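Participant: Below is a structure I'd like to ask you about.
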Amino acid sequence: MGSTTSAKSGCPFTVNRRRFLASAGALAVATETGLLNFASSLFGEEAKPAKKPAVKLVFLGPDTERYWMGWPGTAYDIKARQADYRKTLSHAAKDLGVNLQVEAAPIADMAGVDRLVEQCKQSPPDGIILTVMGLHPNYWPHAQKFVAQRGDIPTIVFSPMGTSFLHHIKSINAMPKVSKMFVASTQDIGWLAFGLRMLSTIWQMKNTRICIVRGNQTEDYPLDVIGTTLHYVPRNRFAEEFKKVQQSDEVRAMADYYIKQAKKIVEPTEQDILEAAKTYVVCRRLMAAEQCQGIAVDCLPLVSSRRVPPPCLAFSRLRDEGIVASCQADWPAAISSRLTHLLLDRPGFMQNICVNTANNTLMGSHCTCATKMAGFDKPPEPFILRSHAESDLGVATQVLWPIGQKITIMKFMDRPREEKPRSAGSAASSIVLGSGRVLSNIDTPPSGGCRTALEVEVDDIENMLNLKALHHQLFIYGDHVRRLKAYAQLAGIKVEPI
């Protein structure tokens, strides 16, 4: 099966991601349409937290219909705007699985702020959206008092157009020892949905478990700032589970999908593709057994000893489903991916970085890449089935990126970087962040390196040798620098330029 196979047209993945992950295997439908519901009892369901994040919505302003003179103006309909904000946030909360708690009466005096602070101490929500409804009279002292006394609760201060001037925003941002707070001063009501997504993401990251398949021990390492638990299991578990996987209808359906949808097939045989599909089953079973929402495997020793085929295809498939799957047990890359999935609703491409000093560009390559780079509900990019480059075994995806595509470059880091994080408080978290655009796809051969390979122009870098040498950083479709900076500020994470 070394010959070329043509791709079928159309989008095989148009189903909602949550419904997709919850559905049972459906081989008959898969055979006809390419719509594969792999999350059957063979694989195990995605582990989900037992409860929802609770976010409190509070209004600062008078309990009246209209203002008289001053900003936001007599024509400003207070009740109507509050209804708009509640509606936007309610829809977002339903989609994100957030318990939105709306304070019925607005807070109009400092005594009301004191009561709110006491409520938050007695029963802390997972996030606060504090909406400033007036500039005349001025409610910014109320906002400042709450921000200073609310403790460690991530807080968004929402200032719709007409409720602040520049010095109000500067003043609250300049308050001493204030962290985990973001001021959103905007006329865009729709931004509130993203604000709620940020708060949800902070909570989800704290309640995430990543299965790290490495070493010989089973042990947990919770990260101090972002809160994610790294759940280590012995590397041998992966090989042991692989021996148990049978060539089922679901495995056959997965292999058939990739055979039919690939733009072409170069090295892999049909049997290679079937064996690659089995590694997907292993990943699913391990995550289900260990109650984890993602997996990172120390795969190279397993492949070099020929105990399992390269799991590159399985990782690509899981990333298309919105599930973290990282190579070489790189947990910072896995956490970066989880953050990208939750906050931006799309996968990132974890890649090895090289520099082209002749062109002053960045080259990134890896043998596993998601195909749904534009978003989990978007059509896949064209891909070619290749072998894993370093071993020339198994199946890897060579995903073809659009030339000129704007990208964000990102990686979450803990310092000092170690195989396992130190105890709580010993490491400072940061997100390294940059942007660029795709110049070309690189073929291997004639070039060396991994199968999906890109040349990228990086913004604001005069000399690529000054680039931070971040192995396995992510390339993400789109310009998300502002959103990631806002999230990092709200989550208490430092941002460093790439």
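Residue names in the structure tokens use chain letters A, B, ... in the order shown, residue numbers from 1 in each chain, and ligand numbers from 1 in the order shown.
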Which residues are near segment 66-83 of chain A? Cut-off 7 Å, only C-alpha atoms, ignore same chain within fewer than 6 positions. Put them as number ranges by chain.
Facilitator: A: 134-136, 162-163
Participant: Residues of segment 125-163 of chain A classed as strand (DSSP E or B) by DSSP on the backbone are to be reported as a list of chain:residue names.
Facilitator: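 Restricting segment 125-163 of chain A to strand (DSSP E or B) produces A:Gly127, A:Ile128, A:Ile129, A:Leu130, A:Thr131, A:Val132, A:Thr155, A:Ile156, A:Val157, A:Phe158, A:Ser159, A:Pro160.
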Participant: Could you list, as JSON, numbers by chain, every residue within 9 Å of Phe242 of chain A, counting only C-alpha atoms and ignoring same-chain residues fewer than 3 positions away?
Facilitator: {"A": [237, 238, 239, 245, 246, 278, 279, 281, 282, 307, 308]}
Participant: For Thr218 of chain A, find every residue with an atom within 10 Å (counting only C-alpha atoms), except residues of its own chain fewer than 5 positions away, and show them as a list in words.
Facilitator: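 Here the qualifying residues turn out to be Ile212, Val213, His231, Tyr232, Val233, Pro234 and Arg235 of chain A.
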Participant: What does the file look like for those residues with C-alpha atoms, as a PDB file, in the first residue's frame?
Facilitator:
ATOM      1  CA  ILE A 212       2.505  11.318  32.160  1.00  0.00           C
ATOM      2  CA  VAL A 213       3.676   7.933  30.888  1.00  0.00           C
ATOM      3  CA  HIS A 231      -0.151  11.975  37.187  1.00  0.00           C
ATOM      4  CA  TYR A 232       2.884   9.776  36.458  1.00  0.00           C
ATOM      5  CA  VAL A 233       2.425   6.119  35.497  1.00  0.00           C
ATOM      6  CA  PRO A 234       5.135   3.621  34.485  1.00  0.00           C
ATOM      7  CA  ARG A 235       6.144   3.688  30.841  1.00  0.00           C
TER       8      ARG A 235
END
Participant: I want to know what sits within 8 Å of segment 433-435 of chain A, based on only C-alpha atoms, with residues of the same chain fewer than 4 positions away left out; could you give that as a PyMOL selection string?
Facilitator: chain A and resi 406-411+458-459+479+481+495-498
Participant: Would you write out those residues with N, CA and C atoms, as an mmCIF file, in the first residue's frame?
Facilitator:
data_model
loop_
_atom_site.group_PDB
_atom_site.id
_atom_site.type_symbol
_atom_site.label_atom_id
_atom_site.label_comp_id
_atom_site.auth_asym_id
_atom_site.auth_seq_id
_atom_site.Cartn_x
_atom_site.Cartn_y
_atom_site.Cartn_z
ATOM 1 N N LYS A 406 -1.542 33.396 9.634
ATOM 2 C CA LYS A 406 -1.075 34.057 10.845
ATOM 3 C C LYS A 406 -1.065 33.054 11.986
ATOM 4 N N ILE A 407 0.001 33.055 12.790
ATOM 5 C CA ILE A 407 0.090 32.111 13.897
ATOM 6 C C ILE A 407 0.517 32.813 15.180
ATOM 7 N N THR A 408 0.144 32.196 16.293
ATOM 8 C CA THR A 408 0.648 32.573 17.610
ATOM 9 C C THR A 408 1.640 31.506 18.045
ATOM 10 N N ILE A 409 2.723 31.928 18.657
ATOM 11 C CA ILE A 409 3.765 31.014 19.144
ATOM 12 C C ILE A 409 3.736 31.088 20.669
ATOM 13 N N MET A 410 3.591 29.947 21.334
ATOM 14 C CA MET A 410 3.356 29.962 22.773
ATOM 15 C C MET A 410 3.886 28.704 23.429
ATOM 16 N N LYS A 411 4.371 28.862 24.670
ATOM 17 C CA LYS A 411 4.609 27.707 25.518
ATOM 18 C C LYS A 411 4.539 28.118 26.982
ATOM 19 N N VAL A 458 8.896 35.221 12.095
ATOM 20 C CA VAL A 458 8.496 35.625 13.439
ATOM 21 C C VAL A 458 8.478 37.143 13.526
ATOM 22 N N ASP A 459 7.412 37.692 14.104
ATOM 23 C CA ASP A 459 7.276 39.141 14.229
ATOM 24 C C ASP A 459 8.262 39.690 15.254
ATOM 25 N N ASP A 479 -4.043 35.038 15.507
ATOM 26 C CA ASP A 479 -3.332 35.952 16.401
ATOM 27 C C ASP A 479 -4.081 36.020 17.724
ATOM 28 N N VAL A 481 -2.417 36.743 20.780
ATOM 29 C CA VAL A 481 -1.496 37.301 21.762
ATOM 30 C C VAL A 481 -2.246 38.081 22.835
ATOM 31 N N VAL A 495 4.100 36.800 31.684
ATOM 32 C CA VAL A 495 4.244 36.669 30.229
ATOM 33 C C VAL A 495 5.623 37.185 29.825
ATOM 34 N N GLU A 496 6.316 36.391 29.011
ATOM 35 C CA GLU A 496 7.633 36.787 28.503
ATOM 36 C C GLU A 496 7.575 36.823 26.976
ATOM 37 N N PRO A 497 8.146 37.850 26.355
ATOM 38 C CA PRO A 497 8.206 37.866 24.885
ATOM 39 C C PRO A 497 9.148 36.812 24.367
ATOM 40 N N ILE A 498 8.788 36.261 23.209
ATOM 41 C CA ILE A 498 9.610 35.194 22.658
ATOM 42 C C ILE A 498 10.976 35.689 22.212
#
Participant: For Ser387 of chain A, work out the shell of residues within 12 Å, counting only C-alpha atoms and skipping chain neighbours fewer than 5 positions away, then give it as a VMD selection string.
Facilitator: chain A and resid 2 265 to 269 272 to 273 276 309 to 313 366 to 368 392 to 398 444 to 445 450 to 452
